[in-house]
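This is entry_31.txt. It holds compact mmCIF, C-alpha atoms.
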# COMPACT_ATOMS: atom_id res chain seq x y z
CA MET A 84 115.30 111.26 116.96
CA PRO A 85 116.97 107.81 117.40
CA ALA A 86 120.74 108.15 117.59
CA THR A 87 123.80 106.55 119.14
CA LEU A 88 126.45 108.60 120.94
CA LEU A 89 129.96 107.56 119.87
CA ALA A 90 133.11 107.79 121.98
CA SER A 91 134.33 110.65 119.77
CA GLY A 92 131.33 112.69 120.85
CA ALA A 93 129.75 112.37 117.42
CA LEU A 94 126.21 111.08 116.90
CA GLU A 95 125.30 108.21 114.61
CA CYS A 96 121.75 108.97 113.49
CA GLN A 97 119.12 106.97 111.68
CA PRO A 98 117.37 108.38 108.59
CA GLN A 99 115.25 111.24 109.80
CA GLU A 100 112.21 111.41 107.53
CA GLU A 101 109.88 109.48 109.85
CA HIS A 102 111.14 111.43 112.88
CA THR A 103 110.45 114.97 111.58
CA PHE A 104 107.54 116.80 113.21
CA CYS A 105 106.01 120.26 113.08
CA GLY A 106 107.10 122.42 115.99
CA HIS A 107 103.62 123.98 116.25
CA CYS A 108 101.14 121.08 116.00
CA HIS A 109 103.62 118.19 116.55
CA ALA A 110 102.17 116.27 113.60
CA PRO A 111 104.53 114.45 111.22
CA PHE A 112 105.96 117.19 109.04
CA LEU A 113 104.45 115.98 105.76
CA LEU A 114 101.01 115.73 107.38
CA CYS A 115 101.14 119.14 109.07
CA GLN A 116 98.10 121.33 108.38
CA CYS A 117 99.52 124.55 109.80
CA ASN A 118 99.17 127.52 107.47
CA PHE A 119 100.25 131.15 107.60
CA ILE A 120 102.59 130.57 110.56
CA PRO A 121 106.09 132.09 110.34
CA TYR A 122 108.74 129.38 110.25
CA ALA A 123 112.48 129.27 110.51
CA ASN A 124 114.31 127.63 107.63
CA ASP A 125 115.56 124.54 109.42
CA TYR A 126 114.98 121.94 112.10
CA ILE A 127 115.52 121.97 115.80
CA ILE A 128 116.51 118.53 117.07
CA VAL A 129 115.23 116.76 120.19
CA GLY A 130 115.42 113.29 121.73
CA LEU A 131 119.17 112.80 121.30
CA PRO A 132 121.37 111.15 123.92
CA PRO A 133 123.10 113.88 125.95
CA PRO A 134 126.85 114.44 125.72
CA ALA A 135 128.99 112.39 128.06
CA THR A 136 129.74 113.97 131.42
CA ARG A 137 132.91 116.08 131.21
CA SER A 138 132.89 116.05 127.42
CA THR A 139 135.83 117.90 125.92
CA PRO A 140 135.38 120.80 123.49
CA GLN A 141 136.60 118.49 120.74
CA GLN A 142 133.89 115.92 121.53
CA LEU A 143 131.23 118.63 121.63
CA VAL A 144 132.35 120.04 118.29
CA HIS A 145 132.14 116.51 116.83
CA ARG A 146 128.56 116.40 118.13
CA TRP A 147 127.82 119.75 116.50
CA ARG A 148 129.17 118.45 113.20
CA SER A 149 126.78 115.49 113.45
CA LEU A 150 123.87 117.85 114.05
CA LEU A 151 124.77 119.83 110.95
CA SER A 152 124.55 116.64 108.88
CA MET A 153 120.81 116.54 109.77
CA SER A 154 120.26 120.17 108.80
CA MET A 155 118.44 121.17 105.62
CA SER A 156 120.10 124.54 105.10
CA MET A 157 123.21 124.61 107.30
CA GLY A 158 124.49 121.16 106.37
CA ALA A 159 124.98 121.86 102.68
CA LEU A 160 126.81 125.11 103.37
CA PHE A 161 129.07 123.48 105.92
CA ASP A 162 129.76 120.41 103.74
CA ALA A 163 131.20 122.76 101.14
CA SER A 164 133.92 123.64 103.64
CA LEU A 165 134.29 120.20 105.26
CA GLY A 166 137.93 120.10 104.23
CA TRP A 167 138.50 123.19 106.35
CA TYR A 168 136.83 121.53 109.35
CA LYS A 169 138.96 118.40 109.11
CA ASP A 170 142.16 120.38 108.73
CA ASN A 171 141.57 123.31 111.08
CA ALA A 172 139.16 122.39 113.87
CA GLN A 173 142.06 121.64 116.23
CA VAL A 174 143.66 124.99 115.40
CA LEU A 175 140.45 126.79 116.28
CA LEU A 176 139.99 124.87 119.54
CA ALA A 177 143.60 125.60 120.53
CA SER A 178 143.03 129.30 119.82
CA LEU A 179 139.86 129.26 121.95
CA GLN A 180 141.76 127.74 124.85
CA ALA A 181 144.64 130.18 124.49
CA LYS A 182 142.32 133.21 124.44
CA THR A 183 139.63 132.19 126.94
CA PRO A 184 140.49 134.85 129.57
CA LEU A 185 140.74 137.59 126.93
CA LEU A 186 137.44 136.54 125.31
CA LYS A 187 135.66 136.64 128.65
CA GLU A 188 137.08 140.12 129.20
CA LEU A 189 135.95 141.21 125.74
CA MET A 190 132.40 140.05 126.46
CA GLN A 191 132.35 141.70 129.88
CA GLU A 192 133.33 145.02 128.31
CA TYR A 193 130.56 144.63 125.73
CA VAL A 194 127.98 143.96 128.45
CA GLN A 195 129.16 146.97 130.47
CA ASP A 196 128.58 149.22 127.44
CA LEU A 197 125.02 148.02 126.73
CA GLU A 198 123.65 151.05 128.57
CA THR A 199 124.47 153.19 125.53
CA ASP A 200 123.81 150.57 122.82
CA PRO A 201 120.82 151.61 120.64
CA ALA A 202 120.36 147.99 119.50
CA VAL A 203 119.32 146.77 122.96
CA PRO A 204 115.52 147.04 122.42
CA SER A 205 115.61 145.01 119.19
CA LEU A 206 117.96 142.43 120.74
CA ALA A 207 115.67 142.13 123.76
CA LYS A 208 112.67 141.65 121.50
CA ALA A 209 114.47 138.80 119.73
CA LEU A 210 115.00 137.24 123.16
CA SER A 211 111.23 137.24 123.85
CA VAL A 212 111.39 140.23 126.22
CA HIS A 213 108.12 142.17 126.14
CA THR A 214 108.76 144.79 128.81
CA LYS A 215 109.80 148.30 127.82
CA SER A 216 111.96 148.64 130.93
CA LYS A 217 115.43 149.56 129.66
CA ALA A 218 117.05 148.12 132.80
CA THR A 219 115.36 144.75 132.24
CA GLN A 220 116.27 144.73 128.57
CA ILE A 221 119.92 145.41 129.39
CA ARG A 222 119.94 142.73 132.09
CA VAL A 223 118.50 140.11 129.71
CA VAL A 224 120.75 140.96 126.76
CA GLY A 225 123.78 140.97 129.07
CA ALA A 226 122.87 137.59 130.56
CA GLU A 227 122.35 136.05 127.13
CA ALA A 228 125.61 137.53 125.84
CA ARG A 229 127.58 135.99 128.72
CA ALA A 230 125.82 132.64 128.31
CA SER A 231 126.57 132.67 124.58
CA MET A 232 130.26 133.24 125.22
CA ASP A 233 130.38 130.39 127.76
CA ILE A 234 128.63 128.05 125.29
CA PHE A 235 131.02 129.10 122.53
CA LEU A 236 134.11 128.56 124.67
CA ALA A 237 132.90 125.11 125.75
CA GLY A 238 132.50 124.01 122.12
CA ASP A 239 128.84 123.11 122.65
CA TRP A 240 127.80 124.95 119.53
CA GLY A 241 124.65 122.90 118.98
CA CYS A 242 123.15 124.87 121.89
CA LEU A 243 124.16 128.29 120.54
CA THR A 244 121.23 130.35 119.24
CA TYR A 245 121.35 132.59 116.22
CA ILE A 246 120.89 135.64 118.44
CA GLY A 247 123.76 134.29 120.55
CA SER A 248 126.04 134.23 117.52
CA MET A 249 124.98 137.81 116.78
CA LEU A 250 125.89 138.87 120.31
CA LEU A 251 129.32 137.27 119.92
CA LEU A 252 129.81 139.15 116.66
CA ASN A 253 128.57 142.39 118.22
CA ALA A 254 131.03 142.01 121.09
CA PHE A 255 133.94 141.73 118.65
CA GLN A 256 132.73 144.61 116.49
CA ALA A 257 132.22 146.89 119.50
CA SER A 258 135.57 146.02 121.09
CA ASP A 259 138.52 148.36 121.45
CA PRO A 260 140.49 147.87 118.18
CA GLN A 261 143.77 148.69 119.89
CA LYS A 262 143.27 146.13 122.65
CA TYR A 263 141.76 143.44 120.40
CA PHE A 264 143.63 144.03 117.16
CA LEU A 265 142.99 140.89 115.11
CA GLU A 266 145.79 141.34 112.61
CA ASP A 267 148.42 141.19 115.35
CA ASP A 268 146.98 138.13 117.10
CA GLU A 269 146.68 134.90 115.11
CA HIS A 270 144.68 133.16 117.85
CA LEU A 271 142.14 135.99 118.08
CA LYS A 272 141.89 136.18 114.31
CA GLU A 273 141.21 132.44 114.15
CA VAL A 274 138.48 132.69 116.80
CA PHE A 275 136.77 135.58 115.02
CA ARG A 276 136.93 134.36 111.44
CA ASN A 277 136.60 130.59 111.73
CA GLY A 278 134.70 130.48 115.01
CA VAL A 279 132.30 133.40 115.46
CA GLY A 280 132.13 134.17 111.74
CA LEU A 281 131.43 130.57 110.75
CA LEU A 282 128.73 130.09 113.39
CA ARG A 283 127.06 133.40 112.56
CA CYS A 284 126.94 132.43 108.89
CA LEU A 285 125.60 128.90 109.46
CA LEU A 286 123.00 129.84 112.07
CA GLY A 287 121.88 132.71 109.87
CA ARG A 288 121.06 130.17 107.16
CA GLY A 289 118.98 128.09 109.53
CA TYR A 290 117.37 130.59 111.87
CA GLY A 291 118.06 134.04 110.47
CA SER A 292 114.44 134.68 109.46
CA TRP A 293 112.40 136.51 112.07
CA PRO A 294 111.07 135.19 114.48
CA GLY A 295 113.60 132.33 114.50
CA TRP A 296 116.54 134.24 116.02
CA HIS A 297 116.13 132.57 119.42
CA LEU A 298 116.46 129.04 117.98
CA ALA A 299 119.37 126.60 118.24
CA LEU A 300 119.92 123.11 116.88
CA GLU A 301 119.49 121.69 120.40
CA MET A 302 117.49 124.43 122.06
CA TYR A 303 115.85 122.06 124.57
CA ARG A 304 119.13 120.72 125.99
CA ALA A 305 121.11 122.52 128.67
CA PRO A 306 124.58 123.26 127.26
CA MET A 307 127.81 122.01 128.71
CA THR A 308 130.16 124.63 130.15
CA SER A 309 133.88 124.52 130.79
CA GLY A 310 136.11 125.56 133.66
CA ASN A 311 134.38 127.51 136.41
CA ALA A 312 131.53 128.75 134.21
CA LYS A 313 128.18 128.43 135.96
CA LYS A 314 125.48 126.06 134.76
CA ILE A 315 123.34 127.41 131.91
CA GLU A 316 119.70 126.51 131.26
CA SER A 317 118.56 125.37 127.82
CA ALA A 318 117.75 128.09 125.29
CA ALA A 319 114.07 127.19 125.57
CA LYS A 320 114.06 127.70 129.36
CA ARG A 321 116.06 130.91 129.10
CA MET A 322 113.59 132.35 126.58
CA GLU A 323 110.68 131.35 128.80
CA SER A 324 112.24 133.11 131.78
CA TYR A 325 112.89 136.25 129.71
CA ARG A 326 109.30 136.21 128.47
CA ASN A 327 108.03 136.23 132.03
CA MET A 328 110.03 139.28 133.09
Let me see the file written as structure tokens.
Amino acid sequence: MPATLLASGALECQPQEEHTFCGHCHAPFLLCQCNFIPYANDYIIVGLPPPATRSTPQQLVHRWRSLLSMSMSMGALFDASLGWYKDNAQVLLASLQAKTPLLKELMQEYVQDLETDPAVPSLAKALSVHTKSKATQIRVVGAEARASMDIFLAGDWGCLTYIGSMLLLNAFQASDPQKYFLEDDEHLKEVFRNGVGLLRCLLGRGYGSWPGWHLALEMYRAPMTSGNAKKIESAAKRMESYRNM
């Protein structure tokens, strides 16, 4: 899709009708002849200029906002709360920065407890894992959960999958309520409600229909990471590697 990357990190995009194609047959969307194939409810977007090297979380969130403006289902829902975004995005990003070590610890504890989590087989299936090996399923779900947290902390939310947002939510819901008590921590409350909660809601609109849980707005681009986080492959490459296990 033709677009120009602005200094703010946002994307200036041309009208998209002539650049919309079927993800199965690659024909222009209005000419697609595919029938009886399960679809998600929204687009995935390819062909955009990548973020600038060393983009800040603020620049990446601006990019994500631009992606939402192209969305059929997520854009309208988000536009209804655009005033919140303009007024509170900086508050959320400041809370993310303040709580990064604690959020990494929260996710690590969630991953360590996957051994006893009855949802692991269904989560693994959503991640394209076909093996019935419990050890492999746990390894894949744990790897995706960690990657999702790193993507979230970096602000590169266009690369976050719906299943990734679910894993973030699961990590919060499974956490020790005494250690991670939201009502006593304004930063943590902000991250959960206006970060994880918002993303889970939006991505559910776009990709919440099975089998679209593994999709992201930019699933073919490798996400940016912050700090010492290791490089993460694109969602498409991660799903391919899981499928081959």
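Nearest-residue note for Gly295 of chain A: choosing from A:Lys208, A:Lys272, A:Lys262, A:Lys313, the minimum distance belongs to A:Lys208, counting only C-alpha atoms.
For the set A:Ser205, A:Leu88, A:Cys96, A:Leu282, the residue with the smallest atom-to-atom gap to Gly241 of chain A is A:Leu282, counting only C-alpha atoms.
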**Message:** I need the residue nearest Arg146 of chain A from this list: A:Glu316, A:Asp259, A:Asp267, A:Glu95. Use only C-alpha atoms for the distance.
**Reply:** A:Glu95
What lies within 12 Å of Ala237 of chain A using all atoms listed in the file, ignoring chain neighbours under 5 positions off, as a JSON list (two decimals) with C-alpha atoms, keeping the file's coordinate frame?
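Saved file result.json follows:
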[["chain", "number", "residue", "atom", "x", "y", "z"],
["A", 137, "ARG", "CA", 132.91, 116.08, 131.21],
["A", 138, "SER", "CA", 132.89, 116.05, 127.42],
["A", 139, "THR", "CA", 135.83, 117.90, 125.92],
["A", 140, "PRO", "CA", 135.38, 120.80, 123.49],
["A", 141, "GLN", "CA", 136.60, 118.49, 120.74],
["A", 142, "GLN", "CA", 133.89, 115.92, 121.53],
["A", 143, "LEU", "CA", 131.23, 118.63, 121.63],
["A", 144, "VAL", "CA", 132.35, 120.04, 118.29],
["A", 147, "TRP", "CA", 127.82, 119.75, 116.50],
["A", 176, "LEU", "CA", 139.99, 124.87, 119.54],
["A", 177, "ALA", "CA", 143.60, 125.60, 120.53],
["A", 179, "LEU", "CA", 139.86, 129.26, 121.95],
["A", 180, "GLN", "CA", 141.76, 127.74, 124.85],
["A", 183, "THR", "CA", 139.63, 132.19, 126.94],
["A", 230, "ALA", "CA", 125.82, 132.64, 128.31],
["A", 231, "SER", "CA", 126.57, 132.67, 124.58],
["A", 232, "MET", "CA", 130.26, 133.24, 125.22],
["A", 242, "CYS", "CA", 123.15, 124.87, 121.89],
["A", 243, "LEU", "CA", 124.16, 128.29, 120.54],
["A", 306, "PRO", "CA", 124.58, 123.26, 127.26],
["A", 307, "MET", "CA", 127.81, 122.01, 128.71],
["A", 308, "THR", "CA", 130.16, 124.63, 130.15],
["A", 309, "SER", "CA", 133.88, 124.52, 130.79],
["A", 310, "GLY", "CA", 136.11, 125.56, 133.66],
["A", 311, "ASN", "CA", 134.38, 127.51, 136.41],
["A", 312, "ALA", "CA", 131.53, 128.75, 134.21],
["A", 313, "LYS", "CA", 128.18, 128.43, 135.96],
["A", 314, "LYS", "CA", 125.48, 126.06, 134.76],
["A", 315, "ILE", "CA", 123.34, 127.41, 131.91]]
**Request:** Could you please determine the separation between atom CA of Lys215 of chain A and atom CA of Asp196 of chain A in Å, to one decimal place?
**Result:**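 Taking atom CA of Lys215 of chain A and atom CA of Asp196 of chain A, their separation equals 18.8 Å.
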**Message:** Would you pick out the contacts of Arg229 of chain A at 10 Å or less, using all atoms listed in the file, so that residues sharing its chain but fewer than 2 positions from it are not included, and give the list as a ChimeraX atom specification?
**Reply:** /A:187,190-191,193-194,224-227,231-235,247,250-251,312
**Request:** Take atom CA of Gly158 of chain A and atom CA of Ala93 of chain A and report the distance between them in Å, one decimal.
**Result:**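 Atom CA of Ala93 of chain A lies at a distance of 15.1 Å from atom CA of Gly158 of chain A.
Between atom CA of Asp125 of chain A and atom CA of Ala202 of chain A there is a distance of 26.0 Å.
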**Prompt:** Within 10 Å of Pro204 of chain A, counting all atoms listed in the file, which residues qualify if same-chain residues fewer than 4 places away don't, as a list of chain:residue names?
**Reply:**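 Within the cut-off, the hits are A:Asp200, A:Lys208, A:Ala209, A:Leu210, A:Val212, A:His213, A:Thr214, A:Lys215, A:Ser216, A:Lys217, A:Gln220, A:Ile221, A:Val224.
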If you take every atom of segment 126-137 of chain A that the file lists and fit an axis-aligned box around them with 8 Å extra on each side, what centre and edge lengths come out in Å to one decimal, as AutoDock Vina command-line options?
--center_x 123.9 --center_y 116.6 --center_z 121.8 --size_x 33.9 --size_y 26.8 --size_z 35.3
**Request:** Considering only C-alpha atoms, state which residue in the set A:Tyr325, A:Ser178, A:Leu252, A:Leu206 is at the smallest distance from Trp293 of chain A.
**Result:** A:Leu206
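Restricting the calculation to only C-alpha atoms, the smallest distance between Ile128 of chain A and any of A:Phe255, A:Tyr303, A:Trp296, A:Tyr290 is found for A:Tyr303.
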**Prompt:** Pick the closest to Met153 of chain A from A:Gln261, A:Ser317, A:Val174, A:Leu300: which is it, counting all atoms listed in the file?
**Reply:**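 Result for the nearest residue to Met153 of chain A: A:Leu300.
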**Item:** All residues 9 Å or closer to Leu94 of chain A, only C-alpha atoms, same chain fewer than 5 positions away omitted, as a list in words
**Value:**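 In the requested format, the answer is Ala86, Thr87, Leu88, Leu89, Leu131, Pro132, His145, Arg146, Trp147, Arg148, Ser149 and Leu150 of chain A.
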